[in-house]
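A.B. asks: If it helps, the file is called target08.cif and holds mmCIF, C-alpha atoms and all ligand atoms:
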data_entry
#
loop_
_atom_site.group_PDB
_atom_site.id
_atom_site.type_symbol
_atom_site.label_atom_id
_atom_site.label_comp_id
_atom_site.auth_asym_id
_atom_site.auth_seq_id
_atom_site.Cartn_x
_atom_site.Cartn_y
_atom_site.Cartn_z
ATOM 1 C CA MET H 1 -95.263 7.833 116.011
ATOM 2 C CA THR H 2 -92.333 5.697 115.045
ATOM 3 C CA PHE H 3 -93.576 2.136 115.434
ATOM 4 C CA GLU H 4 -97.272 1.381 115.172
ATOM 5 C CA LEU H 5 -99.039 -1.955 115.325
ATOM 6 C CA ILE H 6 -102.408 -2.228 113.648
ATOM 7 C CA VAL H 7 -104.302 -5.051 115.302
ATOM 8 C CA ARG H 8 -106.859 -6.408 112.850
ATOM 9 C CA GLY H 9 -107.194 -10.091 113.664
ATOM 10 C CA ASN H 10 -108.516 -12.750 111.296
ATOM 11 C CA GLU H 11 -106.356 -13.337 108.245
ATOM 12 C CA TRP H 12 -104.838 -9.870 108.569
ATOM 13 C CA GLY H 13 -103.301 -10.496 111.960
ATOM 14 C CA VAL H 14 -101.169 -7.569 113.054
ATOM 15 C CA GLN H 15 -99.928 -5.067 110.484
ATOM 16 C CA LEU H 16 -96.995 -2.763 111.070
ATOM 17 C CA ASP H 17 -96.298 0.861 110.275
ATOM 18 C CA VAL H 18 -92.649 1.492 111.100
ATOM 19 C CA LYS H 19 -91.201 4.959 110.637
ATOM 20 C CA LYS H 20 -87.834 4.511 112.299
ATOM 21 C CA PHE H 21 -85.771 1.426 111.514
ATOM 22 C CA PRO H 22 -82.278 0.086 110.901
ATOM 23 C CA LEU H 23 -80.840 -0.237 107.393
ATOM 24 C CA PHE H 24 -78.612 -2.967 106.010
ATOM 25 C CA CYS H 25 -75.860 -2.219 103.500
ATOM 26 C CA LEU H 26 -75.338 -4.973 100.933
ATOM 27 C CA SER H 27 -71.973 -3.529 99.986
ATOM 28 C CA CYS H 28 -70.164 -3.811 103.350
ATOM 29 C CA ARG H 29 -72.727 -6.265 104.780
ATOM 30 C CA ASN H 30 -73.287 -4.274 107.953
ATOM 31 C CA TYR H 31 -76.161 -2.465 109.519
ATOM 32 C CA LEU H 32 -75.760 1.291 109.431
ATOM 33 C CA SER H 33 -74.876 2.646 112.854
ATOM 34 C CA GLU H 34 -77.883 4.974 113.016
ATOM 35 C CA MET H 35 -81.557 4.145 112.596
ATOM 36 C CA TYR H 36 -83.269 5.747 109.624
ATOM 37 C CA GLU H 37 -86.277 8.027 110.003
ATOM 38 C CA HIS H 38 -88.912 7.608 107.324
ATOM 39 C CA THR H 39 -90.589 10.953 106.730
ATOM 40 C CA GLY H 40 -92.922 9.914 103.923
ATOM 41 C CA SER H 41 -92.720 8.579 100.411
ATOM 42 C CA ARG H 42 -93.927 9.771 97.065
ATOM 43 C CA TYR H 43 -94.825 7.134 94.464
ATOM 44 C CA GLY H 44 -92.817 4.685 96.555
ATOM 45 C CA GLN H 45 -89.665 6.795 96.573
ATOM 46 C CA VAL H 46 -88.471 7.275 100.144
ATOM 47 C CA GLY H 47 -85.025 8.787 99.841
ATOM 48 C CA SER H 48 -81.377 7.903 100.015
ATOM 49 C CA VAL H 49 -78.713 7.652 102.670
ATOM 50 C CA LYS H 50 -74.954 7.160 102.577
ATOM 51 C CA CYS H 51 -73.422 4.235 104.439
ATOM 52 C CA ASP H 52 -70.206 4.679 106.439
ATOM 53 C CA CYS H 53 -68.484 2.600 103.736
ATOM 54 C CA GLY H 54 -69.350 5.280 101.178
ATOM 55 C CA GLU H 55 -72.104 3.388 99.382
ATOM 56 C CA ASP H 56 -75.335 5.175 98.490
ATOM 57 C CA LEU H 57 -78.473 3.335 99.556
ATOM 58 C CA ILE H 58 -81.681 4.172 97.701
ATOM 59 C CA LEU H 59 -84.867 3.405 99.618
ATOM 60 C CA THR H 60 -88.285 2.567 98.222
ATOM 61 C CA ASP H 61 -91.502 1.303 99.784
ATOM 62 C CA SER H 62 -95.076 0.305 98.953
ATOM 63 C CA ASP H 63 -96.411 3.872 99.291
ATOM 64 C CA ASN H 64 -98.742 2.668 102.038
ATOM 65 C CA ILE H 65 -98.137 1.577 105.621
ATOM 66 C CA VAL H 66 -94.462 0.744 106.093
ATOM 67 C CA GLU H 67 -94.140 -2.993 106.735
ATOM 68 C CA TYR H 68 -90.883 -3.330 104.827
ATOM 69 C CA ILE H 69 -88.282 -1.241 103.089
ATOM 70 C CA ASN H 70 -86.518 -1.956 99.801
ATOM 71 C CA ILE H 71 -82.835 -1.051 99.829
ATOM 72 C CA HIS H 72 -81.175 -0.618 96.450
ATOM 73 C CA ILE H 73 -77.456 -0.391 95.773
ATOM 74 C CA ARG H 74 -76.512 0.009 92.140
ATOM 75 C CA LYS H 75 -78.176 -3.082 90.570
ATOM 76 C CA LEU H 76 -78.684 -4.935 93.841
ATOM 77 C CA LYS H 77 -81.818 -4.911 95.917
ATOM 78 C CA THR H 78 -82.626 -6.289 99.317
ATOM 79 C CA VAL H 79 -85.898 -6.217 101.220
ATOM 80 C CA LEU H 80 -85.904 -5.637 104.943
ATOM 81 C CA ASP H 81 -89.187 -7.143 106.109
ATOM 82 C CA PHE H 82 -90.001 -5.713 109.527
ATOM 83 C CA LYS H 83 -92.204 -8.648 110.532
ATOM 84 C CA ASP H 84 -89.182 -10.904 110.122
ATOM 85 C CA LEU H 85 -86.586 -8.497 111.465
ATOM 86 C CA PHE H 86 -88.534 -7.581 114.592
ATOM 87 C CA LYS H 87 -90.146 -10.997 115.093
ATOM 88 C CA MET H 88 -93.710 -9.861 114.618
ATOM 89 C CA ARG H 89 -95.107 -12.696 112.553
ATOM 90 C CA LYS H 90 -98.358 -14.451 113.417
ATOM 91 C CA ALA H 91 -96.472 -17.162 115.326
ATOM 92 C CA ASP H 92 -94.703 -14.532 117.444
ATOM 93 C CA PHE H 93 -97.983 -13.079 118.686
ATOM 94 C CA GLU H 94 -99.122 -16.638 119.427
ATOM 95 C CA LYS H 95 -95.953 -17.040 121.473
ATOM 96 C CA LEU H 96 -96.802 -13.822 123.323
ATOM 97 C CA LYS H 97 -100.118 -15.395 124.248
ATOM 98 C CA SER H 98 -98.851 -18.860 125.168
ATOM 99 C CA ASP H 99 -95.668 -17.799 127.015
ATOM 100 C CA TYR H 100 -96.842 -14.585 128.665
ATOM 101 C CA GLY H 101 -100.628 -14.896 128.706
ATOM 102 C CA TYR H 102 -101.006 -11.703 126.695
ATOM 103 C CA ASP H 103 -103.522 -11.945 123.866
ATOM 104 C CA ILE H 104 -102.937 -8.934 121.640
ATOM 105 C CA TYR H 105 -106.165 -9.555 119.706
ATOM 106 C CA GLU H 106 -108.288 -9.765 122.817
ATOM 107 C CA LYS H 107 -106.774 -6.620 124.336
ATOM 108 C CA ASN H 108 -106.274 -4.396 121.324
ATOM 109 C CA LEU H 109 -108.571 -5.568 118.530
ATOM 110 C CA ASN H 110 -109.126 -2.934 115.832
ATOM 111 C CA LYS H 111 -106.683 -0.559 117.470
ATOM 112 C CA ARG H 112 -103.530 1.132 116.296
ATOM 113 C CA LEU H 113 -101.041 1.245 119.089
ATOM 114 C CA GLU H 114 -97.484 2.362 119.516
ATOM 115 C CA LEU H 115 -94.920 -0.285 120.413
ATOM 116 C CA ASP H 116 -93.959 1.598 123.598
ATOM 117 C CA LYS H 117 -97.584 1.482 124.722
ATOM 118 C CA LEU H 118 -97.785 -2.243 123.991
ATOM 119 C CA ILE H 119 -94.567 -2.892 125.935
ATOM 120 C CA ALA H 120 -95.859 -0.851 128.895
ATOM 121 C CA ASP H 121 -99.099 -2.842 128.811
ATOM 122 C CA ILE H 122 -97.268 -6.198 128.729
ATOM 123 C CA GLU H 123 -95.059 -5.085 131.624
ATOM 124 C CA LYS H 124 -98.143 -4.116 133.596
ATOM 125 C CA HIS H 125 -99.801 -7.409 132.706
ATOM 126 C CA ASN H 126 -96.734 -9.411 133.811
ATOM 127 C CA GLY H 127 -96.007 -7.210 136.801
ATOM 128 C CA GLU H 128 -92.345 -6.835 135.885
ATOM 129 C CA THR H 129 -90.055 -4.721 133.770
ATOM 130 C CA ILE H 130 -88.644 -6.340 130.649
ATOM 131 C CA LEU H 131 -84.888 -6.092 130.263
ATOM 132 C CA PRO H 132 -83.778 -4.889 126.841
ATOM 133 C CA ILE H 133 -81.624 -7.339 124.872
ATOM 134 C CA ASP H 134 -78.636 -6.521 122.668
ATOM 135 C CA THR H 135 -79.689 -6.649 119.034
ATOM 136 C CA GLU H 136 -77.432 -7.075 115.999
ATOM 137 C CA PHE H 137 -78.865 -3.861 114.568
ATOM 138 C CA PRO H 138 -79.445 -0.430 116.127
ATOM 139 C CA ALA H 139 -82.852 -0.372 117.822
ATOM 140 C CA THR H 140 -84.975 1.511 120.310
ATOM 141 C CA ILE H 141 -85.349 0.281 123.891
ATOM 142 C CA GLU H 142 -88.897 -0.877 123.068
ATOM 143 C CA ILE H 143 -87.680 -3.016 120.178
ATOM 144 C CA GLN H 144 -84.942 -4.449 122.400
ATOM 145 C CA LYS H 145 -87.538 -5.285 125.031
ATOM 146 C CA TRP H 146 -89.783 -6.957 122.467
ATOM 147 C CA MET H 147 -86.829 -8.989 121.141
ATOM 148 C CA ARG H 148 -86.154 -10.147 124.704
ATOM 149 C CA LEU H 149 -89.710 -11.476 124.957
ATOM 150 C CA MET H 150 -89.368 -13.331 121.675
ATOM 151 C CA GLU H 151 -85.942 -14.756 122.473
ATOM 152 C CA LYS H 152 -87.040 -17.153 125.228
HETATM 153 ZN ZN ZN M 1 -71.852 -0.075 103.675
#
The structure given in the file should be rewritten as structure tokens.
Ligand SMILES: [Zn+2]
C.D. replies:
Amino acid sequence: MTFELIVRGNEWGVQLDVKKFPLFCLSCRNYLSEMYEHTGSRYGQVGSVKCDCGEDLILTDSDNIVEYINIHIRKLKTVLDFKDLFKMRKADFEKLKSDYGYDIYEKNLNKRLELDKLIADIEKHNGETILPIDTEFPATIEIQKWMRLMEK
């Protein structure tokens, strides 16, 4: 499980639990070339990774489902919010419904589902394969397909 959507509806909307994601380095202002795999946190401490530029990135989270990651460099901190990064805000799921006729709440209410399963279901629903789009950060094919849907 690397990218789960938790479909709750109402004011909760869709929550995310992302275990493999890109990282942004504030020092060289680039995304790291490889995606990071989150293997669990303890009291919010996730781990650290070295950027190609030599900077050490320290990662922390909320110690719960992973909807964002905090990236610390020395005294600087940035938050990578996955709902923003991957276009999975409330309005984006409304777009999915209005542009593609796919109502995630109707089809998957109270379910946890993997992004690849959601993409396969949307493709089946639309009767066509989604072409992955180039993203400015390293991403899986499923993320690139989702970003294609949200781009139009
Ligand atoms: Zn860097």
A.B. asks: Kindly resolve the PyMOL selection byres (((chain H and resi 55) around 10) and not hetatm) on the present coordinates and return the residues as an mmCIF file with C-alpha atoms, in the frame of the given file.
C.D. replies:
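Below is the file out.cif, written as the result:
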data_model
loop_
_atom_site.group_PDB
_atom_site.id
_atom_site.type_symbol
_atom_site.label_atom_id
_atom_site.label_comp_id
_atom_site.auth_asym_id
_atom_site.auth_seq_id
_atom_site.Cartn_x
_atom_site.Cartn_y
_atom_site.Cartn_z
ATOM 1 C CA CYS H 25 -75.860 -2.219 103.500
ATOM 2 C CA LEU H 26 -75.338 -4.973 100.933
ATOM 3 C CA SER H 27 -71.973 -3.529 99.986
ATOM 4 C CA CYS H 28 -70.164 -3.811 103.350
ATOM 5 C CA VAL H 49 -78.713 7.652 102.670
ATOM 6 C CA LYS H 50 -74.954 7.160 102.577
ATOM 7 C CA CYS H 51 -73.422 4.235 104.439
ATOM 8 C CA ASP H 52 -70.206 4.679 106.439
ATOM 9 C CA CYS H 53 -68.484 2.600 103.736
ATOM 10 C CA GLY H 54 -69.350 5.280 101.178
ATOM 11 C CA ASP H 56 -75.335 5.175 98.490
ATOM 12 C CA LEU H 57 -78.473 3.335 99.556
ATOM 13 C CA ILE H 58 -81.681 4.172 97.701
ATOM 14 C CA ILE H 73 -77.456 -0.391 95.773
ATOM 15 C CA ARG H 74 -76.512 0.009 92.140
#
A.B. asks: May I have a table of the residues of range 17-79 of chain H lying at most 12 Å from range 94-115 of chain H, giving each one's closest pair of atoms and their distance in Å to one decimal, counting all atoms listed in the file, ordered by chain and ascending residue number, as CSV?
C.D. replies:
residue,atom,partner,partner_atom,distance
H:Asp17,CA,H:Arg112,CA,9.4
H:Val18,CA,H:Glu114,CA,9.7
H:Lys19,CA,H:Glu114,CA,11.2
H:Lys20,CA,H:Leu115,CA,11.8
H:Ile65,CA,H:Arg112,CA,12.0
A.B. asks: Name the closest residue to ligand ZN 1 (chain M) among the candidates H:Trp12, H:Phe21, H:Phe93, H:Tyr31; distances are taken between atoms, counting only C-alpha atoms and all ligand atoms.
C.D. replies: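 Among the listed residues, H:Tyr31 lies closest to ligand ZN 1 (chain M).
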A.B. asks: Ranking H:Arg8, H:Arg29, H:Thr135, H:Ser62 by minimum distance to Phe86 in chain H and counting only C-alpha atoms, which one comes first?
C.D. replies: H:Thr135
A.B. asks: If I wrap all listed atoms of range 142-148 of chain H in a box with edges along x, y and z and add 8 Å on each side, what are its centre and edge lengths in Å to one decimal, as AutoDock Vina command-line options?
C.D. replies:
--center_x -87.4 --center_y -5.5 --center_z 122.6 --size_x 20.8 --size_y 25.3 --size_z 20.9
A.B. asks: Distance CA of Ile122 in chain H-CA of Met35 in chain H, one decimal place?
C.D. replies: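 Between these atoms lies a distance of 24.8 Å.
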A.B. asks: Where atoms are absent from range 12-42 of chain H, fill them in so it carries N, CA and C atoms, then output it as a short mmCIF file (atom, residue, chain, number, x, y, z; two decimals), in the frame of the given file.
C.D. replies:
data_model
loop_
_atom_site.label_atom_id
_atom_site.label_comp_id
_atom_site.auth_asym_id
_atom_site.auth_seq_id
_atom_site.Cartn_x
_atom_site.Cartn_y
_atom_site.Cartn_z
N TRP H 12 -105.75 -11.01 108.62
CA TRP H 12 -104.84 -9.87 108.57
C TRP H 12 -103.82 -9.90 109.70
N GLY H 13 -104.20 -10.46 110.81
CA GLY H 13 -103.30 -10.50 111.96
C GLY H 13 -102.95 -9.11 112.44
N VAL H 14 -101.66 -8.87 112.61
CA VAL H 14 -101.17 -7.57 113.05
C VAL H 14 -100.35 -6.96 111.92
N GLN H 15 -100.71 -5.77 111.50
CA GLN H 15 -99.93 -5.07 110.48
C GLN H 15 -99.02 -4.06 111.17
N LEU H 16 -97.96 -3.69 110.48
CA LEU H 16 -97.00 -2.76 111.07
C LEU H 16 -96.92 -1.48 110.25
N ASP H 17 -96.60 -0.40 110.95
CA ASP H 17 -96.30 0.86 110.28
C ASP H 17 -95.09 1.44 110.99
N VAL H 18 -93.91 1.17 110.42
CA VAL H 18 -92.65 1.49 111.10
C VAL H 18 -91.98 2.69 110.43
N LYS H 19 -91.75 3.73 111.20
CA LYS H 19 -91.20 4.96 110.64
C LYS H 19 -89.77 5.25 111.08
N LYS H 20 -89.24 4.37 111.89
CA LYS H 20 -87.83 4.51 112.30
C LYS H 20 -87.27 3.10 112.40
N PHE H 21 -86.23 2.81 111.61
CA PHE H 21 -85.77 1.43 111.51
C PHE H 21 -84.29 1.37 111.12
N PRO H 22 -83.67 0.23 111.34
CA PRO H 22 -82.28 0.09 110.90
C PRO H 22 -82.21 -0.17 109.39
N LEU H 23 -81.06 0.04 108.81
CA LEU H 23 -80.84 -0.24 107.39
C LEU H 23 -79.64 -1.15 107.24
N PHE H 24 -79.72 -2.05 106.26
CA PHE H 24 -78.61 -2.97 106.01
C PHE H 24 -77.95 -2.60 104.70
N CYS H 25 -76.62 -2.54 104.71
CA CYS H 25 -75.86 -2.22 103.50
C CYS H 25 -75.34 -3.50 102.87
N LEU H 26 -75.76 -3.76 101.64
CA LEU H 26 -75.34 -4.97 100.93
C LEU H 26 -73.88 -4.90 100.52
N SER H 27 -73.35 -3.69 100.45
CA SER H 27 -71.97 -3.53 99.99
C SER H 27 -70.97 -3.95 101.06
N CYS H 28 -71.10 -3.44 102.28
CA CYS H 28 -70.16 -3.81 103.35
C CYS H 28 -70.76 -4.86 104.28
N ARG H 29 -72.02 -5.24 104.02
CA ARG H 29 -72.73 -6.26 104.78
C ARG H 29 -72.80 -5.96 106.28
N ASN H 30 -73.08 -4.70 106.56
CA ASN H 30 -73.29 -4.27 107.95
C ASN H 30 -74.57 -3.48 108.06
N TYR H 31 -75.09 -3.42 109.27
CA TYR H 31 -76.16 -2.46 109.52
C TYR H 31 -75.54 -1.09 109.69
N LEU H 32 -76.22 -0.08 109.21
CA LEU H 32 -75.76 1.29 109.43
C LEU H 32 -75.84 1.59 110.92
N SER H 33 -74.95 2.42 111.41
CA SER H 33 -74.88 2.65 112.85
C SER H 33 -76.08 3.42 113.40
N GLU H 34 -76.72 4.20 112.56
CA GLU H 34 -77.88 4.97 113.02
C GLU H 34 -79.17 4.42 112.39
N MET H 35 -80.26 4.51 113.15
CA MET H 35 -81.56 4.14 112.60
C MET H 35 -81.99 5.23 111.60
N TYR H 36 -82.79 4.82 110.65
CA TYR H 36 -83.27 5.75 109.62
C TYR H 36 -84.68 6.23 109.96
N GLU H 37 -84.92 7.51 109.76
CA GLU H 37 -86.28 8.03 110.00
C GLU H 37 -87.00 8.27 108.69
N HIS H 38 -88.08 7.55 108.52
CA HIS H 38 -88.91 7.61 107.32
C HIS H 38 -89.87 8.79 107.47
N THR H 39 -89.76 9.75 106.58
CA THR H 39 -90.59 10.95 106.73
C THR H 39 -91.65 11.04 105.64
N GLY H 40 -91.89 9.94 104.95
CA GLY H 40 -92.92 9.91 103.92
C GLY H 40 -92.34 9.53 102.58
N SER H 41 -93.19 8.96 101.74
CA SER H 41 -92.72 8.58 100.41
C SER H 41 -93.67 9.14 99.36
N ARG H 42 -93.14 9.25 98.17
CA ARG H 42 -93.93 9.77 97.06
C ARG H 42 -93.76 8.79 95.91
#
